[in-house]
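Each remark here refers to the structure printed beneath this line.
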Amino acid sequence: NLGPVDDGKSYIFDYASGMLIEVEVELKAGTITRKELDYQDRWQAIPIYDILAGIRTRVRITGRNDTDVTQRMGISWKVWDPDGVVVDEYSAWEVWPYTASGTEHEFVGGGFDLDKVGTYILEVGLYMNPDAPEMVDWYKDTICTVAVALEYAGTITRKELEYDGSRESIPVS
């Protein structure tokens with residue numbers, strides 16, 4: 001009489017012997033640990049709100065290997081502008097040496113322009129096993145919002161230079 005086995009192990013049934021045989025299953029597990037945007041010349045956690053329109057930026061995603069063995073990790077992402085147009089698309093597999101158990105790997109994409117006012121969306125998947133890719137973590141949400149760039153207007157009404165108590169019109173002779 002063969003019934004369910006609930007001992008935390010994996011088995012296959014061997015028809016030739018009529019027996020259950022224990023098999024090893026390699027679990028793929030990973031976590032997206034950081035999602036960042038290069039803004040004002042430093043990496044900042046997303047989402048970021050009210051970025052002024054007209055800047056160029058890039059994405060950095062960090063993934064952690066949560067398995068007990070070294071794994072080759074990969075990444076894939078898309079960024080959509082407020083009109084739903086893909087403005088950044090990136091995918092890569094890490095190169096040797098691969099990510100050891102419990103450690104992280106950073107993926108940095110190319111640049112793109114934040115030139116439309118509104119909400120930009122990021123969708124990213126973290127993968128393992130390039131021969132038969134398995135998604136181990138996923139994220140989709142706001143990466144940033146972009147506000148109207150401030151415009152300054154004015155008129156120069158007086159050109160003067162003050163130095164050592166004297167005031168002269170520019171150009172000074």
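Chain labels A, B, ... are given in the sequence in which chains occur in the structure tokens; within each chain residues are numbered consecutively from 1, and ligands are likewise numbered from 1 in the order shown.
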(request) Excluding Gly109 in chain A and residues on its chain fewer than 3 positions from it, collect all residues at most 8 Å away from it, counting only C-alpha atoms, and give them as a VMD selection string. (result) chain A and resid 58 to 60 90
How would the residues just chosen look if you wrote them out with all heavy atoms as a PDB file, in the first residue's frame?
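Final file, result.pdb:
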```
ATOM      1  N   ARG A  58      19.955  56.083 -14.868  1.00  0.00           N
ATOM      2  CA  ARG A  58      20.089  54.654 -15.133  1.00  0.00           C
ATOM      3  C   ARG A  58      19.653  53.877 -13.895  1.00  0.00           C
ATOM      4  O   ARG A  58      19.557  54.435 -12.804  1.00  0.00           O
ATOM      5  CB  ARG A  58      21.511  54.286 -15.546  1.00  0.00           C
ATOM      6  CG  ARG A  58      22.552  54.651 -14.535  1.00  0.00           C
ATOM      7  CD  ARG A  58      23.946  54.593 -15.119  1.00  0.00           C
ATOM      8  NE  ARG A  58      24.866  55.096 -14.110  1.00  0.00           N
ATOM      9  CZ  ARG A  58      26.009  54.537 -13.816  1.00  0.00           C
ATOM     10  NH1 ARG A  58      26.404  53.463 -14.458  1.00  0.00           N
ATOM     11  NH2 ARG A  58      26.775  55.041 -12.887  1.00  0.00           N
ATOM     12  N   VAL A  59      19.405  52.591 -14.103  1.00  0.00           N
ATOM     13  CA  VAL A  59      18.879  51.717 -13.056  1.00  0.00           C
ATOM     14  C   VAL A  59      19.980  50.779 -12.563  1.00  0.00           C
ATOM     15  O   VAL A  59      20.806  50.317 -13.355  1.00  0.00           O
ATOM     16  CB  VAL A  59      17.706  50.871 -13.603  1.00  0.00           C
ATOM     17  CG1 VAL A  59      17.255  49.809 -12.615  1.00  0.00           C
ATOM     18  CG2 VAL A  59      16.544  51.771 -13.986  1.00  0.00           C
ATOM     19  N   ARG A  60      19.960  50.491 -11.251  1.00  0.00           N
ATOM     20  CA  ARG A  60      20.820  49.453 -10.674  1.00  0.00           C
ATOM     21  C   ARG A  60      19.941  48.543  -9.813  1.00  0.00           C
ATOM     22  O   ARG A  60      19.226  49.021  -8.938  1.00  0.00           O
ATOM     23  CB  ARG A  60      21.943  50.050  -9.823  1.00  0.00           C
ATOM     24  CG  ARG A  60      22.803  48.972  -9.157  1.00  0.00           C
ATOM     25  CD  ARG A  60      24.052  49.531  -8.520  1.00  0.00           C
ATOM     26  NE  ARG A  60      23.758  50.328  -7.344  1.00  0.00           N
ATOM     27  CZ  ARG A  60      24.691  50.942  -6.616  1.00  0.00           C
ATOM     28  NH1 ARG A  60      25.958  50.858  -6.958  1.00  0.00           N
ATOM     29  NH2 ARG A  60      24.350  51.644  -5.565  1.00  0.00           N
ATOM     30  N   TYR A  90      16.756  46.083 -20.440  1.00  0.00           N
ATOM     31  CA  TYR A  90      18.075  45.532 -20.117  1.00  0.00           C
ATOM     32  C   TYR A  90      17.927  44.083 -19.683  1.00  0.00           C
ATOM     33  O   TYR A  90      16.986  43.730 -18.965  1.00  0.00           O
ATOM     34  CB  TYR A  90      18.699  46.345 -18.977  1.00  0.00           C
ATOM     35  CG  TYR A  90      20.041  45.851 -18.522  1.00  0.00           C
ATOM     36  CD1 TYR A  90      21.201  46.182 -19.217  1.00  0.00           C
ATOM     37  CD2 TYR A  90      20.165  45.048 -17.392  1.00  0.00           C
ATOM     38  CE1 TYR A  90      22.441  45.729 -18.795  1.00  0.00           C
ATOM     39  CE2 TYR A  90      21.404  44.597 -16.962  1.00  0.00           C
ATOM     40  CZ  TYR A  90      22.528  44.941 -17.664  1.00  0.00           C
ATOM     41  OH  TYR A  90      23.760  44.491 -17.245  1.00  0.00           O
TER      42      TYR A  90
END
```
(request) DSSP on the backbone, then: every residue of range 3-167 of chain A marked strand (DSSP E or B), written as a PyMOL selection string. (result) chain A and resi 10-14+19-23+30-39+42-45+48-52+55-65+71+73-80+86-93+99+104-114+118-128+134-147+160-163+166-167
Go ahead and write the residues just picked, C-alpha atoms, as an mmCIF file, in the first residue's frame.
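Printed below is selection_0.cif as written:
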```cif
data_model
loop_
_atom_site.group_PDB
_atom_site.id
_atom_site.type_symbol
_atom_site.label_atom_id
_atom_site.label_comp_id
_atom_site.auth_asym_id
_atom_site.auth_seq_id
_atom_site.Cartn_x
_atom_site.Cartn_y
_atom_site.Cartn_z
ATOM 1 C CA SER A 10 11.399 14.356 -3.014
ATOM 2 C CA TYR A 11 10.758 10.914 -4.507
ATOM 3 C CA ILE A 12 10.080 9.255 -7.838
ATOM 4 C CA PHE A 13 8.411 5.865 -8.256
ATOM 5 C CA ASP A 14 10.618 3.219 -9.854
ATOM 6 C CA MET A 19 9.867 1.263 -4.827
ATOM 7 C CA LEU A 20 10.091 4.987 -4.130
ATOM 8 C CA ILE A 21 13.548 6.383 -4.800
ATOM 9 C CA GLU A 22 14.701 9.593 -3.137
ATOM 10 C CA VAL A 23 15.904 12.279 -5.574
ATOM 11 C CA GLY A 30 16.924 34.534 -4.847
ATOM 12 C CA THR A 31 15.772 37.962 -3.729
ATOM 13 C CA ILE A 32 15.862 41.408 -5.290
ATOM 14 C CA THR A 33 17.435 43.278 -2.385
ATOM 15 C CA ARG A 34 17.889 46.793 -3.802
ATOM 16 C CA LYS A 35 16.282 48.829 -6.588
ATOM 17 C CA GLU A 36 18.061 52.114 -7.243
ATOM 18 C CA LEU A 37 18.110 55.034 -9.651
ATOM 19 C CA ASP A 38 21.192 57.138 -10.442
ATOM 20 C CA TYR A 39 19.873 60.577 -9.547
ATOM 21 C CA ARG A 42 24.361 59.104 -6.507
ATOM 22 C CA TRP A 43 22.384 55.877 -6.247
ATOM 23 C CA GLN A 44 19.039 56.431 -4.519
ATOM 24 C CA ALA A 45 16.412 53.866 -3.499
ATOM 25 C CA ILE A 48 11.849 58.801 -6.143
ATOM 26 C CA TYR A 49 9.223 61.515 -6.447
ATOM 27 C CA ASP A 50 9.194 64.882 -8.247
ATOM 28 C CA ILE A 51 12.390 64.569 -10.276
ATOM 29 C CA LEU A 52 12.730 67.561 -12.589
ATOM 30 C CA ILE A 55 17.750 64.551 -16.759
ATOM 31 C CA ARG A 56 19.460 61.334 -17.844
ATOM 32 C CA THR A 57 19.508 58.419 -15.400
ATOM 33 C CA ARG A 58 20.089 54.654 -15.133
ATOM 34 C CA VAL A 59 18.879 51.717 -13.056
ATOM 35 C CA ARG A 60 20.820 49.453 -10.674
ATOM 36 C CA ILE A 61 19.257 46.245 -9.343
ATOM 37 C CA THR A 62 20.923 44.058 -6.707
ATOM 38 C CA GLY A 63 19.998 40.395 -6.313
ATOM 39 C CA ARG A 64 20.948 37.946 -3.573
ATOM 40 C CA ASN A 65 21.548 34.197 -3.975
ATOM 41 C CA GLN A 71 24.497 30.248 -8.671
ATOM 42 C CA MET A 73 22.159 34.963 -11.699
ATOM 43 C CA GLY A 74 20.519 36.933 -14.460
ATOM 44 C CA ILE A 75 18.302 39.981 -14.681
ATOM 45 C CA SER A 76 15.781 41.426 -17.069
ATOM 46 C CA TRP A 77 13.916 44.722 -16.820
ATOM 47 C CA LYS A 78 11.886 47.293 -18.683
ATOM 48 C CA VAL A 79 11.099 50.904 -17.823
ATOM 49 C CA TRP A 80 7.973 52.554 -19.243
ATOM 50 C CA VAL A 86 9.540 51.441 -23.214
ATOM 51 C CA VAL A 87 12.460 53.822 -22.575
ATOM 52 C CA ASP A 88 14.913 51.301 -21.100
ATOM 53 C CA GLU A 89 15.231 47.559 -21.601
ATOM 54 C CA TYR A 90 18.075 45.532 -20.117
ATOM 55 C CA SER A 91 18.916 41.862 -19.615
ATOM 56 C CA ALA A 92 22.145 40.111 -18.686
ATOM 57 C CA TRP A 93 23.616 37.007 -17.078
ATOM 58 C CA THR A 99 27.305 34.577 -6.920
ATOM 59 C CA GLU A 104 24.727 39.681 -3.811
ATOM 60 C CA HIS A 105 25.355 40.746 -7.396
ATOM 61 C CA GLU A 106 24.655 44.189 -8.917
ATOM 62 C CA PHE A 107 23.289 44.736 -12.411
ATOM 63 C CA VAL A 108 23.594 48.245 -13.920
ATOM 64 C CA GLY A 109 21.750 49.176 -17.090
ATOM 65 C CA GLY A 110 22.336 51.819 -19.723
ATOM 66 C CA GLY A 111 21.021 55.325 -19.451
ATOM 67 C CA PHE A 112 17.694 56.819 -20.445
ATOM 68 C CA ASP A 113 16.122 60.263 -20.371
ATOM 69 C CA LEU A 114 13.386 61.380 -17.998
ATOM 70 C CA GLY A 118 4.329 61.778 -14.967
ATOM 71 C CA THR A 119 4.961 58.311 -13.546
ATOM 72 C CA TYR A 120 7.643 55.942 -14.844
ATOM 73 C CA ILE A 121 7.179 52.205 -14.163
ATOM 74 C CA LEU A 122 9.865 49.540 -13.640
ATOM 75 C CA GLU A 123 9.298 45.801 -14.087
ATOM 76 C CA VAL A 124 12.224 43.541 -13.193
ATOM 77 C CA GLY A 125 12.777 39.788 -12.902
ATOM 78 C CA LEU A 126 15.688 38.060 -11.158
ATOM 79 C CA TYR A 127 16.644 34.705 -12.720
ATOM 80 C CA MET A 128 18.850 31.674 -12.117
ATOM 81 C CA GLU A 134 13.796 30.265 -13.636
ATOM 82 C CA MET A 135 12.433 33.555 -12.287
ATOM 83 C CA VAL A 136 13.175 33.635 -8.555
ATOM 84 C CA ASP A 137 11.926 37.151 -7.743
ATOM 85 C CA TRP A 138 9.877 39.854 -9.462
ATOM 86 C CA TYR A 139 8.948 43.515 -8.956
ATOM 87 C CA LYS A 140 6.707 45.934 -10.833
ATOM 88 C CA ASP A 141 5.888 49.402 -9.543
ATOM 89 C CA THR A 142 6.717 53.100 -9.781
ATOM 90 C CA ILE A 143 10.400 53.882 -10.307
ATOM 91 C CA CYS A 144 9.926 57.654 -10.195
ATOM 92 C CA THR A 145 7.647 60.551 -10.923
ATOM 93 C CA VAL A 146 8.807 63.458 -13.044
ATOM 94 C CA ALA A 147 7.693 67.041 -12.489
ATOM 95 C CA GLU A 160 27.635 97.138 -11.765
ATOM 96 C CA LEU A 161 30.726 95.995 -9.933
ATOM 97 C CA GLU A 162 31.338 97.030 -6.341
ATOM 98 C CA TYR A 163 34.920 96.759 -5.139
ATOM 99 C CA SER A 166 33.670 102.110 -5.247
ATOM 100 C CA ARG A 167 30.909 101.204 -7.672
#
```
Can you tell me which residues surround Thr67 in chain A at a distance of at most 10 Å, considering only C-alpha atoms, apart from same-chain residues fewer than 4 positions away, and format the answer as a PDB file with N, CA and C atoms, in the first residue's frame?
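Saved file selection_26.pdb follows:
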```pdb
ATOM      1  N   GLU A  26      17.342  20.526  -6.759  1.00  0.00           N
ATOM      2  CA  GLU A  26      18.074  21.765  -6.499  1.00  0.00           C
ATOM      3  C   GLU A  26      17.089  22.932  -6.509  1.00  0.00           C
ATOM      4  N   LEU A  27      16.943  23.549  -5.360  1.00  0.00           N
ATOM      5  CA  LEU A  27      16.016  24.653  -5.202  1.00  0.00           C
ATOM      6  C   LEU A  27      16.670  25.946  -5.676  1.00  0.00           C
ATOM      7  N   LYS A  28      15.981  26.670  -6.524  1.00  0.00           N
ATOM      8  CA  LYS A  28      16.453  27.970  -6.980  1.00  0.00           C
ATOM      9  C   LYS A  28      15.735  29.026  -6.156  1.00  0.00           C
ATOM     10  N   ALA A  29      16.494  29.868  -5.499  1.00  0.00           N
ATOM     11  CA  ALA A  29      15.885  30.915  -4.683  1.00  0.00           C
ATOM     12  C   ALA A  29      16.792  32.135  -4.685  1.00  0.00           C
ATOM     13  N   GLY A  30      16.184  33.282  -4.864  1.00  0.00           N
ATOM     14  CA  GLY A  30      16.924  34.534  -4.847  1.00  0.00           C
ATOM     15  C   GLY A  30      15.983  35.669  -4.511  1.00  0.00           C
ATOM     16  N   GLN A  71      25.439  30.220  -7.549  1.00  0.00           N
ATOM     17  CA  GLN A  71      24.497  30.248  -8.671  1.00  0.00           C
ATOM     18  C   GLN A  71      24.899  31.340  -9.657  1.00  0.00           C
ATOM     19  N   ALA A 100      28.058  33.537  -4.880  1.00  0.00           N
ATOM     20  CA  ALA A 100      28.106  32.519  -3.824  1.00  0.00           C
ATOM     21  C   ALA A 100      26.846  32.591  -2.967  1.00  0.00           C
ATOM     22  N   SER A 101      26.580  31.526  -2.247  1.00  0.00           N
ATOM     23  CA  SER A 101      25.427  31.448  -1.354  1.00  0.00           C
ATOM     24  C   SER A 101      25.414  32.634  -0.387  1.00  0.00           C
ATOM     25  N   GLY A 102      24.263  33.303  -0.305  1.00  0.00           N
ATOM     26  CA  GLY A 102      24.098  34.406   0.648  1.00  0.00           C
ATOM     27  C   GLY A 102      24.721  35.719   0.230  1.00  0.00           C
ATOM     28  N   THR A 103      25.338  35.783  -0.947  1.00  0.00           N
ATOM     29  CA  THR A 103      25.950  37.037  -1.389  1.00  0.00           C
ATOM     30  C   THR A 103      25.126  37.669  -2.499  1.00  0.00           C
TER      31      THR A 103
END
```
(request) Quote the spacing between CA of Glu151 in chain A and CA of Asp81 in chain A in Å to one decimal place. (result) 22.3 Å
(request) Have a look at CA of Pro130 in chain A and CA of Arg72 in chain A and let me know their distance in Å, one decimal. (result) 7.4 Å
(message) Please determine, counting only C-alpha atoms, which residue among A:Val69, A:Asp41, A:Trp96, A:Lys116 has the shortest atom-to-atom distance to Asp83 in chain A.
(response) A:Lys116
